[in-house]
Amino acid sequence: MENTNEHIGLDYNTAREPLAMPEYGRNILKMVEQMKEIPDKAKRTEQARAIVKVMELLNPQVRQLDNFDHKLWDHLYMIAGFDLDVDSPYPSPVAEEFNTRPVPIPMKGEKIKATHYGRNIEKIIDLLSQEPDGEVKTEMIRSLAVYMRQQYLIWNKDSVSDETIFKDIEKLSEGRLTVPEGVRLHQINYDNNFARPGLSINVGGQGKNRNYRKNKGKRK
């Protein structure tokens with residue numbers, strides 16, 4: 001047997017040309033390229049219809065879309081680089097319609113200063129800073145501080161002092177709002193479970209109460 005020093009080259013997808021529609025795979029691309037080389041237009045069209053059927057089998061979730069057959073033919077044109085001469089049941093799509101960049105959605109407002117409090121807290125602080133001093137404003141500030149402490153504990157599983165919350169209020173208001181002297185927040189039971197938004201975790205031991213009622217009913 002002849003001994004050679006030649007190495008077998010491996011063909012990696014990373015070295016190939018990127019696919020226009022990766023969800024259909026490279027074999028569909030090869031089928032489309034072979035179909036484009038068929039000289040007879042009627043046979044090309046017949047082969048195109050067969051490829052569309054295979055594309056539907058490879059990407060069955062497309063059936064959930066409205067006019068999915070039309071979309072499959074559009075995908076066929078995209079795979080072919082919009083260079084396809086067949087008798088399609090639908091008009092040939094225009095490449096520019098698929099290559100345009102989406103219109104960026106402008107961000108409303110400025111960047112949130114403290115994400116764990118949220119933008120609404122900043123708006124409330126802005127409104128409170130415009131209120132005249134008095135007992136009503138002091139009570140509103142205290143209620144705001146209580147709520148901010150709860151939000152703080154959602155994202156930071158640790159205790160937090162009143163002074164930290166008060167400093168955050170002054171910082172977020174850029175010095176326009178100060179907490180009056182003598183304001184104190186009521187104590188929080190740190191055994192409670194403060195859940196982050198979107199997580200299915202019971203808040204404030206509610207799950208324990210439901211389990212207690214459930215077990216109590218069983219005992220009866």
# chains A, B, ... in the order shown; residues from 1 in each chain; ligands from 1

call {"tool": "residues_around", "arguments": {"residues": "A:Met55", "least_positions_apart": "4", "cutoff": "10 Å", "atoms": "only C-alpha atoms", "output": "PDB file with N, CA and C atoms, in the first residue's frame"}}
result
ATOM      1  N   GLU A  23     -32.346  27.729   9.045  1.00  0.00           N
ATOM      2  CA  GLU A  23     -33.287  26.747   9.576  1.00  0.00           C
ATOM      3  C   GLU A  23     -33.588  25.625   8.601  1.00  0.00           C
ATOM      4  N   TYR A  24     -33.267  25.819   7.300  1.00  0.00           N
ATOM      5  CA  TYR A  24     -33.511  24.775   6.304  1.00  0.00           C
ATOM      6  C   TYR A  24     -32.270  23.928   6.020  1.00  0.00           C
ATOM      7  N   GLY A  25     -31.125  24.376   6.460  1.00  0.00           N
ATOM      8  CA  GLY A  25     -29.921  23.577   6.292  1.00  0.00           C
ATOM      9  C   GLY A  25     -29.250  23.756   4.943  1.00  0.00           C
ATOM     10  N   ILE A  28     -30.728  21.838   1.558  1.00  0.00           N
ATOM     11  CA  ILE A  28     -31.737  22.552   0.763  1.00  0.00           C
ATOM     12  C   ILE A  28     -31.056  23.527  -0.185  1.00  0.00           C
ATOM     13  N   ARG A  49     -41.339  23.168  -6.697  1.00  0.00           N
ATOM     14  CA  ARG A  49     -42.489  22.779  -5.876  1.00  0.00           C
ATOM     15  C   ARG A  49     -42.119  21.634  -4.932  1.00  0.00           C
ATOM     16  N   ALA A  50     -41.308  20.706  -5.415  1.00  0.00           N
ATOM     17  CA  ALA A  50     -40.882  19.594  -4.566  1.00  0.00           C
ATOM     18  C   ALA A  50     -40.006  20.096  -3.419  1.00  0.00           C
ATOM     19  N   ILE A  51     -39.132  21.063  -3.715  1.00  0.00           N
ATOM     20  CA  ILE A  51     -38.259  21.616  -2.668  1.00  0.00           C
ATOM     21  C   ILE A  51     -39.085  22.334  -1.610  1.00  0.00           C
ATOM     22  N   ASN A  59     -39.326  22.489   8.386  1.00  0.00           N
ATOM     23  CA  ASN A  59     -39.682  23.632   9.228  1.00  0.00           C
ATOM     24  C   ASN A  59     -41.194  23.631   9.458  1.00  0.00           C
ATOM     25  N   PRO A  60     -41.730  22.612  10.164  1.00  0.00           N
ATOM     26  CA  PRO A  60     -43.193  22.471  10.290  1.00  0.00           C
ATOM     27  C   PRO A  60     -43.863  23.615  11.029  1.00  0.00           C
ATOM     28  N   VAL A  62     -43.740  26.553  10.468  1.00  0.00           N
ATOM     29  CA  VAL A  62     -44.155  27.608   9.550  1.00  0.00           C
ATOM     30  C   VAL A  62     -45.643  27.499   9.240  1.00  0.00           C
ATOM     31  N   LEU A  72     -43.212  30.172   2.385  1.00  0.00           N
ATOM     32  CA  LEU A  72     -42.253  29.159   1.969  1.00  0.00           C
ATOM     33  C   LEU A  72     -41.649  29.502   0.606  1.00  0.00           C
ATOM     34  N   TRP A  73     -42.468  29.986  -0.297  1.00  0.00           N
ATOM     35  CA  TRP A  73     -41.948  30.388  -1.606  1.00  0.00           C
ATOM     36  C   TRP A  73     -41.032  31.602  -1.476  1.00  0.00           C
ATOM     37  N   HIS A  75     -39.179  32.165   1.082  1.00  0.00           N
ATOM     38  CA  HIS A  75     -37.943  31.603   1.623  1.00  0.00           C
ATOM     39  C   HIS A  75     -37.124  30.921   0.534  1.00  0.00           C
ATOM     40  N   LEU A  76     -37.821  30.270  -0.395  1.00  0.00           N
ATOM     41  CA  LEU A  76     -37.122  29.625  -1.508  1.00  0.00           C
ATOM     42  C   LEU A  76     -36.364  30.656  -2.336  1.00  0.00           C
TER      43      LEU A  76
END

call {"tool": "residues_around", "arguments": {"residues": "A:Glu181", "least_positions_apart": "6", "cutoff": "12 Å", "atoms": "only C-alpha atoms", "output": "short mmCIF file (atom, residue, chain, number, x, y, z; two decimals) with C-alpha atoms, in the first residue's frame"}}
result
data_model
loop_
_atom_site.label_atom_id
_atom_site.label_comp_id
_atom_site.auth_asym_id
_atom_site.auth_seq_id
_atom_site.Cartn_x
_atom_site.Cartn_y
_atom_site.Cartn_z
CA THR A 138 -43.67 64.18 55.60
CA ILE A 141 -42.05 60.77 52.16
CA ARG A 142 -42.25 58.14 54.90
CA ASP A 162 -33.27 53.77 57.29
CA GLU A 163 -30.32 56.08 56.64
CA PHE A 166 -33.03 58.35 53.10
#

call {"tool": "atom_distance", "arguments": {"atom1": "atom CA of A:Ile112", "atom2": "atom CA of A:Val146"}}
result
20.1 Å

call {"tool": "select_by_dssp", "arguments": {"residues": "stretch 28-71 of chain A", "states": "alpha helix (DSSP H)", "output": "PyMOL selection string"}}
result
chain A and resi 28-36+41-58+68-71

call {"tool": "closest_residue", "arguments": {"among": "A:Ile124, A:Asp74, A:Phe68, A:Ala42", "to": "A:Glu97", "atoms": "only C-alpha atoms"}}
result
A:Asp74

call {"tool": "residues_around", "arguments": {"residues": "A:Arg44", "least_positions_apart": "2", "cutoff": "12 Å", "atoms": "only C-alpha atoms", "output": "mmCIF file with N, CA and C atoms, in the first residue's frame"}}
result
data_model
loop_
_atom_site.group_PDB
_atom_site.id
_atom_site.type_symbol
_atom_site.label_atom_id
_atom_site.label_comp_id
_atom_site.auth_asym_id
_atom_site.auth_seq_id
_atom_site.Cartn_x
_atom_site.Cartn_y
_atom_site.Cartn_z
ATOM 1 N N MET A 31 -29.882 21.608 -3.109
ATOM 2 C CA MET A 31 -31.006 21.253 -3.973
ATOM 3 C C MET A 31 -31.429 22.439 -4.823
ATOM 4 N N VAL A 32 -31.442 23.630 -4.228
ATOM 5 C CA VAL A 32 -31.818 24.840 -4.969
ATOM 6 C C VAL A 32 -30.781 25.146 -6.053
ATOM 7 N N GLU A 33 -29.507 24.997 -5.728
ATOM 8 C CA GLU A 33 -28.461 25.268 -6.716
ATOM 9 C C GLU A 33 -28.549 24.291 -7.886
ATOM 10 N N GLN A 34 -28.826 23.021 -7.616
ATOM 11 C CA GLN A 34 -28.985 22.039 -8.688
ATOM 12 C C GLN A 34 -30.234 22.324 -9.506
ATOM 13 N N MET A 35 -31.293 22.765 -8.825
ATOM 14 C CA MET A 35 -32.537 23.079 -9.524
ATOM 15 C C MET A 35 -32.349 24.256 -10.486
ATOM 16 N N LYS A 36 -31.563 25.244 -10.091
ATOM 17 C CA LYS A 36 -31.331 26.413 -10.942
ATOM 18 C C LYS A 36 -30.576 26.055 -12.219
ATOM 19 N N GLU A 37 -29.847 24.938 -12.198
ATOM 20 C CA GLU A 37 -29.076 24.525 -13.374
ATOM 21 C C GLU A 37 -29.901 23.725 -14.375
ATOM 22 N N ILE A 38 -31.149 23.386 -14.027
ATOM 23 C CA ILE A 38 -32.019 22.646 -14.960
ATOM 24 C C ILE A 38 -32.399 23.586 -16.103
ATOM 25 N N PRO A 39 -32.126 23.215 -17.336
ATOM 26 C CA PRO A 39 -32.381 24.145 -18.460
ATOM 27 C C PRO A 39 -33.867 24.361 -18.765
ATOM 28 N N ASP A 40 -34.688 23.343 -18.534
ATOM 29 C CA ASP A 40 -36.103 23.454 -18.878
ATOM 30 C C ASP A 40 -36.862 24.127 -17.739
ATOM 31 N N LYS A 41 -37.586 25.202 -18.052
ATOM 32 C CA LYS A 41 -38.282 25.963 -17.012
ATOM 33 C C LYS A 41 -39.389 25.147 -16.359
ATOM 34 N N ALA A 42 -40.102 24.339 -17.132
ATOM 35 C CA ALA A 42 -41.182 23.534 -16.562
ATOM 36 C C ALA A 42 -40.637 22.538 -15.550
ATOM 37 N N GLU A 46 -41.252 22.332 -11.482
ATOM 38 C CA GLU A 46 -41.652 21.098 -10.815
ATOM 39 C C GLU A 46 -40.711 20.779 -9.658
ATOM 40 N N GLN A 47 -39.410 20.967 -9.895
ATOM 41 C CA GLN A 47 -38.440 20.720 -8.842
ATOM 42 C C GLN A 47 -38.589 21.736 -7.717
ATOM 43 N N ALA A 48 -38.905 22.996 -8.040
ATOM 44 C CA ALA A 48 -39.088 24.037 -7.028
ATOM 45 C C ALA A 48 -40.252 23.691 -6.109
ATOM 46 N N ARG A 49 -41.339 23.168 -6.697
ATOM 47 C CA ARG A 49 -42.489 22.779 -5.876
ATOM 48 C C ARG A 49 -42.119 21.634 -4.932
ATOM 49 N N ALA A 50 -41.308 20.706 -5.415
ATOM 50 C CA ALA A 50 -40.882 19.594 -4.566
ATOM 51 C C ALA A 50 -40.006 20.096 -3.419
ATOM 52 N N ILE A 51 -39.132 21.063 -3.715
ATOM 53 C CA ILE A 51 -38.259 21.616 -2.668
ATOM 54 C C ILE A 51 -39.085 22.334 -1.610
ATOM 55 N N LEU A 84 -34.096 33.364 -9.353
ATOM 56 C CA LEU A 84 -34.829 32.127 -9.592
ATOM 57 C C LEU A 84 -35.869 32.359 -10.689
ATOM 58 N N ASP A 85 -35.764 31.596 -11.758
ATOM 59 C CA ASP A 85 -36.679 31.721 -12.893
ATOM 60 C C ASP A 85 -37.579 30.495 -12.930
ATOM 61 N N VAL A 86 -38.694 30.560 -12.211
ATOM 62 C CA VAL A 86 -39.688 29.490 -12.184
ATOM 63 C C VAL A 86 -41.068 30.130 -12.218
ATOM 64 N N ASP A 87 -42.064 29.283 -12.488
ATOM 65 C CA ASP A 87 -43.456 29.752 -12.477
ATOM 66 C C ASP A 87 -44.001 29.598 -11.057
ATOM 67 N N SER A 88 -43.756 30.590 -10.249
ATOM 68 C CA SER A 88 -44.195 30.558 -8.865
ATOM 69 C C SER A 88 -45.663 30.946 -8.762
#

call {"tool": "atom_distance", "arguments": {"atom1": "atom CA of A:Gln64", "atom2": "atom CA of A:Pro104"}}
result
27.5 Å

call {"tool": "atom_distance", "arguments": {"atom1": "atom CA of A:Glu96", "atom2": "atom CA of A:Tyr77"}}
result
12.7 Å

call {"tool": "residues_around", "arguments": {"residues": "A:Gln130", "least_positions_apart": "3", "cutoff": "9 Å", "atoms": "only C-alpha atoms", "output": "list in words"}}
result
Ile125, Asp126, Leu127, Arg176 and Leu177 of chain A

call {"tool": "write_last_selection", "arguments": {"atoms": "N, CA and C atoms", "output": "mmCIF file, in the first residue's frame"}}
result
data_model
loop_
_atom_site.group_PDB
_atom_site.id
_atom_site.type_symbol
_atom_site.label_atom_id
_atom_site.label_comp_id
_atom_site.auth_asym_id
_atom_site.auth_seq_id
_atom_site.Cartn_x
_atom_site.Cartn_y
_atom_site.Cartn_z
ATOM 1 N N ILE A 125 -40.613 60.884 43.259
ATOM 2 C CA ILE A 125 -39.705 61.796 43.957
ATOM 3 C C ILE A 125 -39.762 63.190 43.336
ATOM 4 N N ASP A 126 -39.845 63.258 42.022
ATOM 5 C CA ASP A 126 -39.951 64.560 41.357
ATOM 6 C C ASP A 126 -41.222 65.292 41.776
ATOM 7 N N LEU A 127 -42.325 64.546 41.892
ATOM 8 C CA LEU A 127 -43.587 65.165 42.303
ATOM 9 C C LEU A 127 -43.533 65.613 43.760
ATOM 10 N N ARG A 176 -33.072 67.880 45.945
ATOM 11 C CA ARG A 176 -34.310 68.669 46.018
ATOM 12 C C ARG A 176 -35.250 68.174 47.102
ATOM 13 N N LEU A 177 -35.066 66.933 47.537
ATOM 14 C CA LEU A 177 -35.961 66.343 48.531
ATOM 15 C C LEU A 177 -35.124 65.763 49.662
#
